2 protein chains.
Amino acid sequence: MNSNNDYGDDHKKQASFWFETFRDDLCKALEACEDDVTGPNPTSAAANGRFERTAWRREEDANGGDHGGAIGGGGVMAVLRGRVFEKAGVNVSTVFGEFSEEFRDRIPGARDDPRYWASGVSVVIHPHSPLVPTAHMNTRMIVTTQGWFGGGGDLTPVFPVDADTADFHAAYQDACDKYDESYHPKFKKWCDDYFYLPHRGEARGVGGIFYDNLNSGDWNTDFAFTQDVGRAFLDAYPIIARRHMDKDWTDAQRHAQLVKRGRYVEFNLLYDRGTTFGLKTGGNTEAILMSMPPEVLWP
Amino acid sequence: MNSNNDYGDDHKKQASFWFETFRDDLCKALEACEDDVTGPNPTSAAANGRFERTAWRREEDANGGDHGGAIGGGGVMAVLRGRVFEKAGVNVSTVFGEFSEEFRDRIPGARDDPRYWASGVSVVIHPHSPLVPTAHMNTRMIVTTQGWFGGGGDLTPVFPVDADTADFHAAYQDACDKYDESYHPKFKKWCDDYFYLPHRGEARGVGGIFYDNLNSGDWNTDFAFTQDVGRAFLDAYPIIARRHMDKDWTDAQRHAQLVKRGRYVEFNLLYDRGTTFGLKTGGNTEAILMSMPPEVLWP
């Protein structure tokens with residue numbers, strides 16, 4: 001199943017290019033919310049938010065350095081600090097290297113040949129308003145001696161609204177059902193299982209989908225699916241944000257949001273594989289920890 | 001070396017009792033700072049801070065439940081939310097159980113018999129003022145088929161002051177040198193190595209001491225040393241806090257403090273063994289995460 005015959009240079013380029021295109025589209029959609037908001041302005045800034053981009057390179061080190069494996073590549077982090085979105089981070093990266101001994105048994109296809117290539121886009125959005133849900137999405141293509149796609153998205157409202165939850169899940173269900181009717185139930189459960197804080201006995205939010213190691217044997221179909229998963233987020237999230245972004249909120253609601261954000265931090269630093277993997281394999285710390293909420297309370 | 005001949009019931013009682021006595025003394029010393037402060041009052045509360053205590057029990061489960069090992073015992077968490085100390089948490093706990101498979105190879109003496117007993121006191125102090133250093137201390141006695149003491153303390157100023165750093169280290173050096181002149185250099189380095197954030201390339205603070213698996217073969221001496229390590233913190237920290245607690249601070253200094261606290265959160269959730277161990281072995285989540293700073297920024 002997971003042969004990498006289809007995971008050659010042309011397909012790597014196509015995937016990387018699409019992750020960048022998606023990033024551009026998503027940044028525009030979030031900036032359009034900034035343009036259109038008429039609700040409370042909790043910032044001191046007169047202008048509405050715009051993404052600022054910073055390119056970064058991984059330190060190339062053929063000998064592996066501290067991380068025990070040669071690494072290279074880089075990416076672009078884009079951050080918007082605006083009026084609707086207190087902090088929205090969108091990272092694209094394309095990196096390559098060799099897994100250190102610690103990871104070789106855990107990553108499919110890395111035991112015999114530790115070299116890898118990985119490209120993806122990841123997004124974390126922390127709105128000012130406690131009425132606008134926090135959201136995360138990510139899609140990626142990974143190549144070792146095997147090759148696969150992974151990704152998904154999940155919604156973390158402070159005060160869940162049934163219509164938002166239903167619309168978010170419906171967008172992913174539509175994307176999934178076009179490919180395989182088993183995908184949505186399976187990937188929705190995977191999301192629920194993954195974004196869970198056992199030490200709190202709490203889900204991180206209201207879920208979405210999560211998938212990994214997807215290789216159906218047809219690269220074109222899996223890539224098309226991954227694109228549709230991205231587009232589902234792009235279609236669904238701005239509509240949900242716009243529903244609530246012009247509403248007033250109370251200090252008590254804001255307080256509840258800042259406490260809820262603490263759970264987000266706990267999940268990302270204690271359990272999130274992307275975060276811990278990235279930090280332990282010489283990833284760009286600023287880009288990885290852009291997922292941290294801008295202001296948090298543990299009262 | 002690490003036989004547990006000396007780690008029987010009488011010594012367990014003596015150690016547990018001392019951890020509680022130390023907790024009482026430290027709470028009084030911090031409350032005295034609250035009584036004496038004349039500087040800025042950033043709180044809405046008229047009264048100065050007092051510790052509030054909450055007892056907790058671990059759910060006894062002979063079958064091990066989710067954590068894969070029988071557990072029992074409990075503790076008392078004490079929290080002060082005051083005018084000098086925005087959040088100070090002091091926990092004492094005495095717990096017992098069986099290590100799950102995951103931990104048996106990592107804990108001395110747990111391979112053949114997974115039962116353990118552990119008692120200790122841990123303290124994390126987050127002052128309001130960015131001029132008063134954040135501080136942490138912990139001492140503990142652990143019994144498996146072996147027995148040992150561990151502990152230490154470290155100081156995390158936002159704006160390090162040489163005299164504070166020198167006094168803090170001197171207090172620990174005095175405590176150490178009474179027992180073994182090799183202790184202080186060794187335990188100071190252990191602290192520097194331990195409280196380090198590799199993903200930031202930064203130390204957590206200005207250090208202190210850290211030791212673990214201490215069993216010299218003489219329980220009485222090791223227990224006396226552990227008490228002196230506690231007293232060193234009790235002597236040194238309130239003096240340092242009092243030096244700065246009446247000074248005004250600026251918004252820029254406060255902002256720097258809230259960002260620095262983000263590093264504290266990153267350390268505790270990504271690397272701190274006590275935190276991750278506690279959360280994964282069915283520890284009391286509220287008590288463990290009392291170490292989280294009350295307000296944090298990742299701007």
# chains A, B, ... in the order shown; residues from 1 in each chain; ligands from 1

call {"tool": "interface_residues", "arguments": {"of": "chain B", "to": "chain A", "cutoff": "7 Å", "atoms": "only C-alpha atoms", "output": "ChimeraX atom specification"}}
result
/B:199,266,269-270,279,285,292-299

call {"tool": "write_last_selection", "arguments": {"atoms": "all heavy atoms", "output": "short mmCIF file (atom, residue, chain, number, x, y, z; two decimals), in the first residue's frame"}}
result
data_model
loop_
_atom_site.label_atom_id
_atom_site.label_comp_id
_atom_site.auth_asym_id
_atom_site.auth_seq_id
_atom_site.Cartn_x
_atom_site.Cartn_y
_atom_site.Cartn_z
N HIS B 199 14.82 23.98 22.81
CA HIS B 199 14.19 24.56 21.61
C HIS B 199 14.32 26.08 21.58
O HIS B 199 14.10 26.70 20.54
CB HIS B 199 12.71 24.15 21.52
CG HIS B 199 11.86 24.69 22.61
ND1 HIS B 199 11.91 24.24 23.90
CD2 HIS B 199 10.93 25.68 22.61
CE1 HIS B 199 11.05 24.92 24.64
NE2 HIS B 199 10.45 25.79 23.89
N GLU B 266 6.35 26.47 28.82
CA GLU B 266 6.95 25.55 27.85
C GLU B 266 7.83 24.53 28.57
O GLU B 266 7.76 23.34 28.28
CB GLU B 266 7.79 26.34 26.82
CG GLU B 266 6.93 27.18 25.89
CD GLU B 266 7.76 28.13 25.01
OE1 GLU B 266 8.98 27.90 24.83
OE2 GLU B 266 7.19 29.11 24.50
N LEU B 269 5.61 21.92 30.66
CA LEU B 269 4.78 20.97 29.91
C LEU B 269 5.59 20.13 28.93
O LEU B 269 5.21 18.99 28.63
CB LEU B 269 3.65 21.71 29.20
CG LEU B 269 2.65 22.44 30.11
CD1 LEU B 269 1.58 23.13 29.28
CD2 LEU B 269 2.01 21.50 31.13
N LEU B 270 6.68 20.68 28.43
CA LEU B 270 7.48 19.90 27.47
C LEU B 270 8.51 19.00 28.15
O LEU B 270 8.76 17.89 27.68
CB LEU B 270 8.23 20.83 26.50
CG LEU B 270 7.41 21.55 25.43
CD1 LEU B 270 8.26 22.63 24.76
CD2 LEU B 270 6.91 20.56 24.38
N LEU B 279 1.16 13.72 35.57
CA LEU B 279 -0.05 13.69 34.75
C LEU B 279 -0.27 12.31 34.13
O LEU B 279 -1.41 11.92 33.88
CB LEU B 279 0.03 14.75 33.64
CG LEU B 279 0.02 16.21 34.13
CD1 LEU B 279 0.20 17.16 32.96
CD2 LEU B 279 -1.26 16.54 34.88
N THR B 285 -4.44 16.55 38.85
CA THR B 285 -4.15 17.53 37.80
C THR B 285 -4.11 18.96 38.34
O THR B 285 -3.20 19.73 38.01
CB THR B 285 -5.19 17.42 36.66
OG1 THR B 285 -5.04 16.12 36.06
CG2 THR B 285 -4.99 18.49 35.61
N MET B 292 1.44 26.36 36.88
CA MET B 292 1.24 27.24 35.72
C MET B 292 1.13 28.69 36.19
O MET B 292 0.42 28.98 37.15
CB MET B 292 -0.04 26.87 34.96
CG MET B 292 -0.01 25.51 34.28
SD MET B 292 1.13 25.43 32.87
CE MET B 292 2.46 24.51 33.64
N PRO B 293 1.78 29.62 35.49
CA PRO B 293 1.65 31.04 35.86
C PRO B 293 0.20 31.50 35.64
O PRO B 293 -0.48 31.01 34.75
CB PRO B 293 2.57 31.74 34.86
CG PRO B 293 3.42 30.68 34.27
CD PRO B 293 2.66 29.40 34.34
N PRO B 294 -0.25 32.46 36.44
CA PRO B 294 -1.65 32.88 36.36
C PRO B 294 -2.00 33.60 35.06
O PRO B 294 -3.12 33.48 34.58
CB PRO B 294 -1.82 33.81 37.56
CG PRO B 294 -0.43 34.23 37.92
CD PRO B 294 0.48 33.11 37.53
N GLU B 295 -1.07 34.36 34.52
CA GLU B 295 -1.32 35.10 33.28
C GLU B 295 -0.05 35.02 32.43
O GLU B 295 1.05 35.21 32.95
CB GLU B 295 -1.66 36.56 33.59
CG GLU B 295 -2.06 37.36 32.36
CD GLU B 295 -2.34 38.84 32.67
OE1 GLU B 295 -2.37 39.22 33.86
OE2 GLU B 295 -2.51 39.60 31.71
N VAL B 296 -0.24 34.74 31.15
CA VAL B 296 0.91 34.48 30.27
C VAL B 296 0.64 35.09 28.90
O VAL B 296 -0.51 35.11 28.44
CB VAL B 296 1.10 32.95 30.09
CG1 VAL B 296 2.36 32.66 29.28
CG2 VAL B 296 1.17 32.24 31.42
N LEU B 297 1.69 35.56 28.26
CA LEU B 297 1.58 36.04 26.87
C LEU B 297 2.53 35.28 25.95
O LEU B 297 3.69 35.02 26.32
CB LEU B 297 1.93 37.54 26.77
CG LEU B 297 1.07 38.55 27.51
CD1 LEU B 297 1.64 39.96 27.30
CD2 LEU B 297 -0.38 38.49 27.05
N TRP B 298 2.02 34.92 24.79
CA TRP B 298 2.88 34.54 23.65
C TRP B 298 2.54 35.54 22.53
O TRP B 298 1.71 35.23 21.68
CB TRP B 298 2.58 33.11 23.19
CG TRP B 298 3.22 32.02 24.00
CD1 TRP B 298 4.47 31.51 23.82
CD2 TRP B 298 2.63 31.27 25.07
NE1 TRP B 298 4.70 30.49 24.73
CE2 TRP B 298 3.58 30.32 25.49
CE3 TRP B 298 1.38 31.31 25.71
CZ2 TRP B 298 3.33 29.43 26.53
CZ3 TRP B 298 1.14 30.42 26.73
CH2 TRP B 298 2.10 29.49 27.14
N PRO B 299 3.12 36.73 22.58
CA PRO B 299 2.64 37.80 21.69
C PRO B 299 3.00 37.51 20.22
O PRO B 299 3.83 36.69 19.95
CB PRO B 299 3.37 39.02 22.20
CG PRO B 299 4.59 38.52 22.86
CD PRO B 299 4.26 37.16 23.41
#

call {"tool": "residues_around", "arguments": {"residues": "Gly120 (chain B)", "least_positions_apart": "4", "cutoff": "7 Å", "atoms": "only C-alpha atoms", "output": "ChimeraX atom specification"}}
result
/B:16,19,92-94,139-141

call {"tool": "closest_residue", "arguments": {"among": "B:Ser119, B:Ser216, B:Ser129, B:Thr43", "to": "Asp6 (chain B)", "atoms": "only C-alpha atoms"}}
result
B:Ser216

call {"tool": "select_by_dssp", "arguments": {"residues": "region 27-184 of chain A", "states": "helix (DSSP H, G or I)", "output": "VMD selection string"}}
result
chain A and resid 27 to 36 65 to 67 101 to 104 162 to 177 183 to 184

call {"tool": "closest_residue", "arguments": {"among": "A:Phe277, A:Glu31, A:Gly39, A:Ala47", "to": "Lys247 (chain A)", "atoms": "only C-alpha atoms"}}
result
A:Gly39

call {"tool": "residues_around", "arguments": {"residues": "Phe99 (chain B)", "least_positions_apart": "2", "cutoff": "7 Å", "atoms": "only C-alpha atoms", "output": "ChimeraX atom specification"}}
result
/B:69,97,101,103-104,114-115

call {"tool": "atom_distance", "arguments": {"atom1": "CA of Arg53 (chain B)", "atom2": "CA of Arg83 (chain B)"}}
result
18.0 Å

call {"tool": "select_by_dssp", "arguments": {"residues": "region 26-109 of chain A", "states": "strand (DSSP E)", "output": "JSON list (two decimals) with all heavy atoms, in the first residue's frame"}}
result
[["chain", "number", "residue", "atom", "x", "y", "z"],
["A", 51, "PHE", "N", -1.58, 39.90, 7.24],
["A", 51, "PHE", "CA", -0.52, 38.92, 7.51],
["A", 51, "PHE", "C", 0.85, 39.51, 7.19],
["A", 51, "PHE", "O", 1.02, 40.20, 6.18],
["A", 51, "PHE", "CB", -0.73, 37.66, 6.66],
["A", 51, "PHE", "CG", -1.71, 36.71, 7.27],
["A", 51, "PHE", "CD1", -3.05, 36.72, 6.91],
["A", 51, "PHE", "CD2", -1.29, 35.80, 8.24],
["A", 51, "PHE", "CE1", -3.96, 35.84, 7.49],
["A", 51, "PHE", "CE2", -2.20, 34.92, 8.83],
["A", 51, "PHE", "CZ", -3.54, 34.95, 8.46],
["A", 52, "GLU", "N", 1.78, 39.22, 8.07],
["A", 52, "GLU", "CA", 3.18, 39.56, 7.78],
["A", 52, "GLU", "C", 3.96, 38.26, 7.65],
["A", 52, "GLU", "O", 3.86, 37.39, 8.50],
["A", 52, "GLU", "CB", 3.76, 40.39, 8.92],
["A", 52, "GLU", "CG", 3.10, 41.75, 9.01],
["A", 52, "GLU", "CD", 3.74, 42.64, 10.06],
["A", 52, "GLU", "OE1", 4.83, 42.30, 10.56],
["A", 52, "GLU", "OE2", 3.12, 43.66, 10.39],
["A", 53, "ARG", "N", 4.73, 38.16, 6.59],
["A", 53, "ARG", "CA", 5.42, 36.91, 6.30],
["A", 53, "ARG", "C", 6.90, 37.00, 6.64],
["A", 53, "ARG", "O", 7.54, 38.02, 6.41],
["A", 53, "ARG", "CB", 5.27, 36.56, 4.81],
["A", 53, "ARG", "CG", 3.83, 36.31, 4.44],
["A", 53, "ARG", "CD", 3.70, 35.82, 3.01],
["A", 53, "ARG", "NE", 2.28, 35.68, 2.66],
["A", 53, "ARG", "CZ", 1.83, 35.10, 1.57],
["A", 53, "ARG", "NH1", 2.69, 34.59, 0.69],
["A", 53, "ARG", "NH2", 0.53, 35.00, 1.34],
["A", 54, "THR", "N", 7.41, 35.92, 7.18],
["A", 54, "THR", "CA", 8.85, 35.82, 7.47],
["A", 54, "THR", "C", 9.35, 34.47, 6.97],
["A", 54, "THR", "O", 8.83, 33.42, 7.37],
["A", 54, "THR", "CB", 9.10, 35.87, 8.99],
["A", 54, "THR", "OG1", 8.44, 37.02, 9.54],
["A", 54, "THR", "CG2", 10.59, 35.95, 9.30],
["A", 55, "ALA", "N", 10.32, 34.51, 6.08],
["A", 55, "ALA", "CA", 10.90, 33.26, 5.58],
["A", 55, "ALA", "C", 11.95, 32.76, 6.56],
["A", 55, "ALA", "O", 12.59, 33.56, 7.26],
["A", 55, "ALA", "CB", 11.55, 33.49, 4.22],
["A", 56, "TRP", "N", 12.08, 31.47, 6.68],
["A", 56, "TRP", "CA", 13.11, 30.89, 7.54],
["A", 56, "TRP", "C", 13.71, 29.67, 6.84],
["A", 56, "TRP", "O", 13.08, 29.04, 6.00],
["A", 56, "TRP", "CB", 12.53, 30.51, 8.92],
["A", 56, "TRP", "CG", 11.33, 29.61, 8.87],
["A", 56, "TRP", "CD1", 10.02, 30.01, 8.79],
["A", 56, "TRP", "CD2", 11.31, 28.18, 8.87],
["A", 56, "TRP", "NE1", 9.19, 28.91, 8.74],
["A", 56, "TRP", "CE2", 9.95, 27.77, 8.78],
["A", 56, "TRP", "CE3", 12.29, 27.19, 8.93],
["A", 56, "TRP", "CZ2", 9.56, 26.42, 8.76],
["A", 56, "TRP", "CZ3", 11.91, 25.85, 8.92],
["A", 56, "TRP", "CH2", 10.56, 25.48, 8.82],
["A", 57, "ARG", "N", 14.97, 29.40, 7.17],
["A", 57, "ARG", "CA", 15.67, 28.24, 6.63],
["A", 57, "ARG", "C", 16.11, 27.37, 7.78],
["A", 57, "ARG", "O", 16.49, 27.87, 8.83],
["A", 57, "ARG", "CB", 16.95, 28.65, 5.87],
["A", 57, "ARG", "CG", 16.76, 29.63, 4.74],
["A", 57, "ARG", "CD", 16.08, 29.07, 3.53],
["A", 57, "ARG", "NE", 16.73, 27.87, 2.98],
["A", 57, "ARG", "CZ", 16.14, 27.04, 2.12],
["A", 57, "ARG", "NH1", 14.89, 27.26, 1.73],
["A", 57, "ARG", "NH2", 16.78, 25.98, 1.67],
["A", 71, "ILE", "N", 19.70, 17.83, 8.23],
["A", 71, "ILE", "CA", 18.44, 18.52, 8.00],
["A", 71, "ILE", "C", 18.62, 19.66, 7.02],
["A", 71, "ILE", "O", 19.72, 20.19, 6.86],
["A", 71, "ILE", "CB", 17.84, 19.09, 9.31],
["A", 71, "ILE", "CG1", 18.81, 20.09, 9.98],
["A", 71, "ILE", "CG2", 17.50, 17.97, 10.26],
["A", 71, "ILE", "CD1", 18.21, 20.81, 11.17],
["A", 72, "GLY", "N", 17.55, 20.04, 6.36],
["A", 72, "GLY", "CA", 17.59, 21.18, 5.46],
["A", 72, "GLY", "C", 16.18, 21.59, 5.09],
["A", 72, "GLY", "O", 15.20, 21.02, 5.55],
["A", 73, "GLY", "N", 16.10, 22.62, 4.24],
["A", 73, "GLY", "CA", 14.80, 23.13, 3.82],
["A", 73, "GLY", "C", 14.42, 24.36, 4.62],
["A", 73, "GLY", "O", 15.26, 24.98, 5.28],
["A", 74, "GLY", "N", 13.14, 24.73, 4.52],
["A", 74, "GLY", "CA", 12.70, 25.92, 5.24],
["A", 74, "GLY", "C", 11.24, 26.18, 5.00],
["A", 74, "GLY", "O", 10.50, 25.28, 4.57],
["A", 75, "GLY", "N", 10.86, 27.41, 5.26],
["A", 75, "GLY", "CA", 9.44, 27.72, 5.09],
["A", 75, "GLY", "C", 9.18, 29.20, 5.25],
["A", 75, "GLY", "O", 10.11, 30.01, 5.32],
["A", 76, "VAL", "N", 7.91, 29.52, 5.31],
["A", 76, "VAL", "CA", 7.48, 30.90, 5.50],
["A", 76, "VAL", "C", 6.40, 30.90, 6.56],
["A", 76, "VAL", "O", 5.42, 30.16, 6.45],
["A", 76, "VAL", "CB", 6.90, 31.50, 4.20],
["A", 76, "VAL", "CG1", 6.37, 32.92, 4.45],
["A", 76, "VAL", "CG2", 7.95, 31.52, 3.10],
["A", 77, "MET", "N", 6.62, 31.68, 7.63],
["A", 77, "MET", "CA", 5.53, 31.83, 8.59],
["A", 77, "MET", "C", 4.84, 33.16, 8.33],
["A", 77, "MET", "O", 5.50, 34.16, 8.03],
["A", 77, "MET", "CB", 6.01, 31.68, 10.03],
["A", 77, "MET", "CG", 7.09, 32.59, 10.48],
["A", 77, "MET", "SD", 7.55, 32.16, 12.21],
["A", 77, "MET", "CE", 8.97, 33.22, 12.43],
["A", 78, "ALA", "N", 3.53, 33.13, 8.44],
["A", 78, "ALA", "CA", 2.74, 34.34, 8.23],
["A", 78, "ALA", "C", 1.89, 34.54, 9.48],
["A", 78, "ALA", "O", 1.23, 33.61, 9.93],
["A", 78, "ALA", "CB", 1.84, 34.18, 7.01],
["A", 79, "VAL", "N", 1.98, 35.73, 10.04],
["A", 79, "VAL", "CA", 1.21, 36.02, 11.26],
["A", 79, "VAL", "C", 0.38, 37.27, 11.06],
["A", 79, "VAL", "O", 0.88, 38.28, 10.57],
["A", 79, "VAL", "CB", 2.13, 36.29, 12.47],
["A", 79, "VAL", "CG1", 1.31, 36.24, 13.77],
["A", 79, "VAL", "CG2", 3.26, 35.31, 12.55],
["A", 80, "LEU", "N", -0.87, 37.18, 11.45],
["A", 80, "LEU", "CA", -1.75, 38.33, 11.45],
["A", 80, "LEU", "C", -2.12, 38.63, 12.90],
["A", 80, "LEU", "O", -2.54, 37.73, 13.63],
["A", 80, "LEU", "CB", -3.01, 38.03, 10.63],
["A", 80, "LEU", "CG", -4.11, 39.12, 10.53],
["A", 80, "LEU", "CD1", -4.85, 38.97, 9.20],
["A", 80, "LEU", "CD2", -5.09, 39.04, 11.68],
["A", 85, "PHE", "N", -8.90, 38.73, 14.53],
["A", 85, "PHE", "CA", -8.02, 37.63, 14.89],
["A", 85, "PHE", "C", -6.86, 38.19, 15.72],
["A", 85, "PHE", "O", -6.00, 38.90, 15.21],
["A", 85, "PHE", "CB", -7.53, 36.92, 13.63],
["A", 85, "PHE", "CG", -8.67, 36.42, 12.79],
["A", 85, "PHE", "CD1", -8.95, 36.98, 11.54],
["A", 85, "PHE", "CD2", -9.52, 35.42, 13.26],
["A", 85, "PHE", "CE1", -10.03, 36.55, 10.79],
["A", 85, "PHE", "CE2", -10.61, 34.97, 12.52],
["A", 85, "PHE", "CZ", -10.87, 35.55, 11.27],
["A", 86, "GLU", "N", -6.90, 37.86, 17.00],
["A", 86, "GLU", "CA", -5.87, 38.37, 17.91],
["A", 86, "GLU", "C", -4.50, 37.86, 17.46],
["A", 86, "GLU", "O", -3.52, 38.58, 17.50],
["A", 86, "GLU", "CB", -6.19, 37.89, 19.33],
["A", 86, "GLU", "CG", -5.37, 38.54, 20.40],
["A", 86, "GLU", "CD", -5.88, 38.18, 21.80],
["A", 86, "GLU", "OE1", -7.02, 37.67, 21.91],
["A", 86, "GLU", "OE2", -5.14, 38.40, 22.77],
["A", 87, "LYS", "N", -4.47, 36.61, 17.01],
["A", 87, "LYS", "CA", -3.22, 36.05, 16.48],
["A", 87, "LYS", "C", -3.60, 34.86, 15.59],
["A", 87, "LYS", "O", -4.19, 33.89, 16.06],
["A", 87, "LYS", "CB", -2.34, 35.56, 17.63],
["A", 87, "LYS", "CG", -0.96, 35.03, 17.25],
["A", 87, "LYS", "CD", -0.22, 34.70, 18.54],
["A", 87, "LYS", "CE", 1.04, 33.90, 18.36],
["A", 87, "LYS", "NZ", 1.54, 33.43, 19.67],
["A", 88, "ALA", "N", -3.31, 35.01, 14.32],
["A", 88, "ALA", "CA", -3.55, 33.91, 13.38],
["A", 88, "ALA", "C", -2.22, 33.60, 12.73],
["A", 88, "ALA", "O", -1.55, 34.50, 12.21],
["A", 88, "ALA", "CB", -4.58, 34.30, 12.33],
["A", 89, "GLY", "N", -1.81, 32.36, 12.77],
["A", 89, "GLY", "CA", -0.53, 31.95, 12.20],
["A", 89, "GLY", "C", -0.74, 30.92, 11.12],
["A", 89, "GLY", "O", -1.50, 29.97, 11.29],
["A", 90, "VAL", "N", -0.10, 31.14, 9.98],
["A", 90, "VAL", "CA", -0.18, 30.19, 8.86],
["A", 90, "VAL", "C", 1.25, 29.89, 8.44],
["A", 90, "VAL", "O", 1.98, 30.80, 8.02],
["A", 90, "VAL", "CB", -0.96, 30.77, 7.67],
["A", 90, "VAL", "CG1", -1.11, 29.71, 6.58],
["A", 90, "VAL", "CG2", -2.33, 31.29, 8.10],
["A", 91, "ASN", "N", 1.66, 28.65, 8.58],
["A", 91, "ASN", "CA", 3.01, 28.26, 8.20],
["A", 91, "ASN", "C", 2.99, 27.32, 7.02],
["A", 91, "ASN", "O", 2.21, 26.36, 7.02],
["A", 91, "ASN", "CB", 3.69, 27.49, 9.34],
["A", 91, "ASN", "CG", 4.07, 28.38, 10.49],
["A", 91, "ASN", "OD1", 4.74, 29.37, 10.29],
["A", 91, "ASN", "ND2", 3.60, 28.04, 11.68],
["A", 92, "VAL", "N", 3.85, 27.56, 6.04],
["A", 92, "VAL", "CA", 4.12, 26.54, 5.04],
["A", 92, "VAL", "C", 5.59, 26.16, 5.18],
["A", 92, "VAL", "O", 6.44, 27.01, 5.47],
["A", 92, "VAL", "CB", 3.86, 27.00, 3.59],
["A", 92, "VAL", "CG1", 2.37, 27.17, 3.34],
["A", 92, "VAL", "CG2", 4.61, 28.27, 3.27],
["A", 93, "SER", "N", 5.88, 24.89, 5.03],
["A", 93, "SER", "CA", 7.27, 24.47, 5.11],
["A", 93, "SER", "C", 7.51, 23.27, 4.22],
["A", 93, "SER", "O", 6.60, 22.47, 3.98],
["A", 93, "SER", "CB", 7.67, 24.15, 6.55],
["A", 93, "SER", "OG", 6.99, 23.03, 7.01],
["A", 94, "THR", "N", 8.71, 23.19, 3.72],
["A", 94, "THR", "CA", 9.16, 22.03, 2.94],
["A", 94, "THR", "C", 10.55, 21.72, 3.46],
["A", 94, "THR", "O", 11.47, 22.53, 3.31],
["A", 94, "THR", "CB", 9.19, 22.34, 1.44],
["A", 94, "THR", "OG1", 7.86, 22.69, 1.02],
["A", 94, "THR", "CG2", 9.65, 21.12, 0.64],
["A", 95, "VAL", "N", 10.68, 20.61, 4.13],
["A", 95, "VAL", "CA", 11.95, 20.27, 4.79],
["A", 95, "VAL", "C", 12.35, 18.84, 4.44],
["A", 95, "VAL", "O", 11.53, 18.03, 4.01],
["A", 95, "VAL", "CB", 11.82, 20.41, 6.33],
["A", 95, "VAL", "CG1", 11.52, 21.86, 6.72],
["A", 95, "VAL", "CG2", 10.76, 19.49, 6.90],
["A", 96, "PHE", "N", 13.63, 18.58, 4.62],
["A", 96, "PHE", "CA", 14.12, 17.22, 4.37],
["A", 96, "PHE", "C", 15.21, 16.94, 5.37],
["A", 96, "PHE", "O", 15.73, 17.87, 6.01],
["A", 96, "PHE", "CB", 14.62, 17.09, 2.93],
["A", 96, "PHE", "CG", 15.68, 18.09, 2.58],
["A", 96, "PHE", "CD1", 17.02, 17.85, 2.83],
["A", 96, "PHE", "CD2", 15.32, 19.32, 2.02],
["A", 96, "PHE", "CE1", 17.99, 18.80, 2.53],
["A", 96, "PHE", "CE2", 16.29, 20.28, 1.72],
["A", 96, "PHE", "CZ", 17.63, 20.01, 1.97],
["A", 97, "GLY", "N", 15.57, 15.71, 5.52],
["A", 97, "GLY", "CA", 16.64, 15.37, 6.47],
["A", 97, "GLY", "C", 16.67, 13.89, 6.73],
["A", 97, "GLY", "O", 16.19, 13.09, 5.92],
["A", 98, "GLU", "N", 17.24, 13.57, 7.87],
["A", 98, "GLU", "CA", 17.32, 12.17, 8.29],
["A", 98, "GLU", "C", 16.79, 12.08, 9.70],
["A", 98, "GLU", "O", 17.20, 12.86, 10.57],
["A", 98, "GLU", "CB", 18.78, 11.68, 8.29],
["A", 98, "GLU", "CG", 19.34, 11.48, 6.91],
["A", 98, "GLU", "CD", 20.75, 10.90, 6.94],
["A", 98, "GLU", "OE1", 21.18, 10.40, 8.02],
["A", 98, "GLU", "OE2", 21.42, 10.94, 5.90]]

call {"tool": "residues_around", "arguments": {"residues": "Trp219 (chain B)", "least_positions_apart": "4", "cutoff": "10 Å", "atoms": "only C-alpha atoms", "output": "ChimeraX atom specification"}}
result
/B:4-7,11,147-149,214-215,223-225

call {"tool": "residues_around", "arguments": {"residues": "Ala252 (chain B)", "least_positions_apart": "3", "cutoff": "12 Å", "atoms": "only C-alpha atoms", "output": "list in words"}}
result
Ser129, Pro130, Leu131, Val158, Phe159, Asp248, Trp249, His255, Ala256, Gln257, Leu258 and Val259 of chain B

call {"tool": "write_last_selection", "arguments": {"atoms": "C-alpha atoms", "output": "PDB file, in the first residue's frame"}}
result
ATOM      1  CA  SER B 129       5.945  42.290  40.284  1.00  0.00           C
ATOM      2  CA  PRO B 130       8.304  41.620  37.395  1.00  0.00           C
ATOM      3  CA  LEU B 131      11.064  42.771  39.761  1.00  0.00           C
ATOM      4  CA  VAL B 158      12.809  38.420  34.633  1.00  0.00           C
ATOM      5  CA  PHE B 159      15.599  40.942  35.205  1.00  0.00           C
ATOM      6  CA  ASP B 248       7.104  50.323  41.289  1.00  0.00           C
ATOM      7  CA  TRP B 249       7.286  48.617  37.937  1.00  0.00           C
ATOM      8  CA  HIS B 255       5.008  42.666  29.564  1.00  0.00           C
ATOM      9  CA  ALA B 256       8.501  41.154  29.660  1.00  0.00           C
ATOM     10  CA  GLN B 257       7.441  39.120  32.702  1.00  0.00           C
ATOM     11  CA  LEU B 258       4.342  37.721  30.987  1.00  0.00           C
ATOM     12  CA  VAL B 259       6.437  36.667  27.980  1.00  0.00           C
TER      13      VAL B 259
END

call {"tool": "atom_distance", "arguments": {"atom1": "CA of Thr221 (chain B)", "atom2": "CA of Lys178 (chain B)"}}
result
10.5 Å
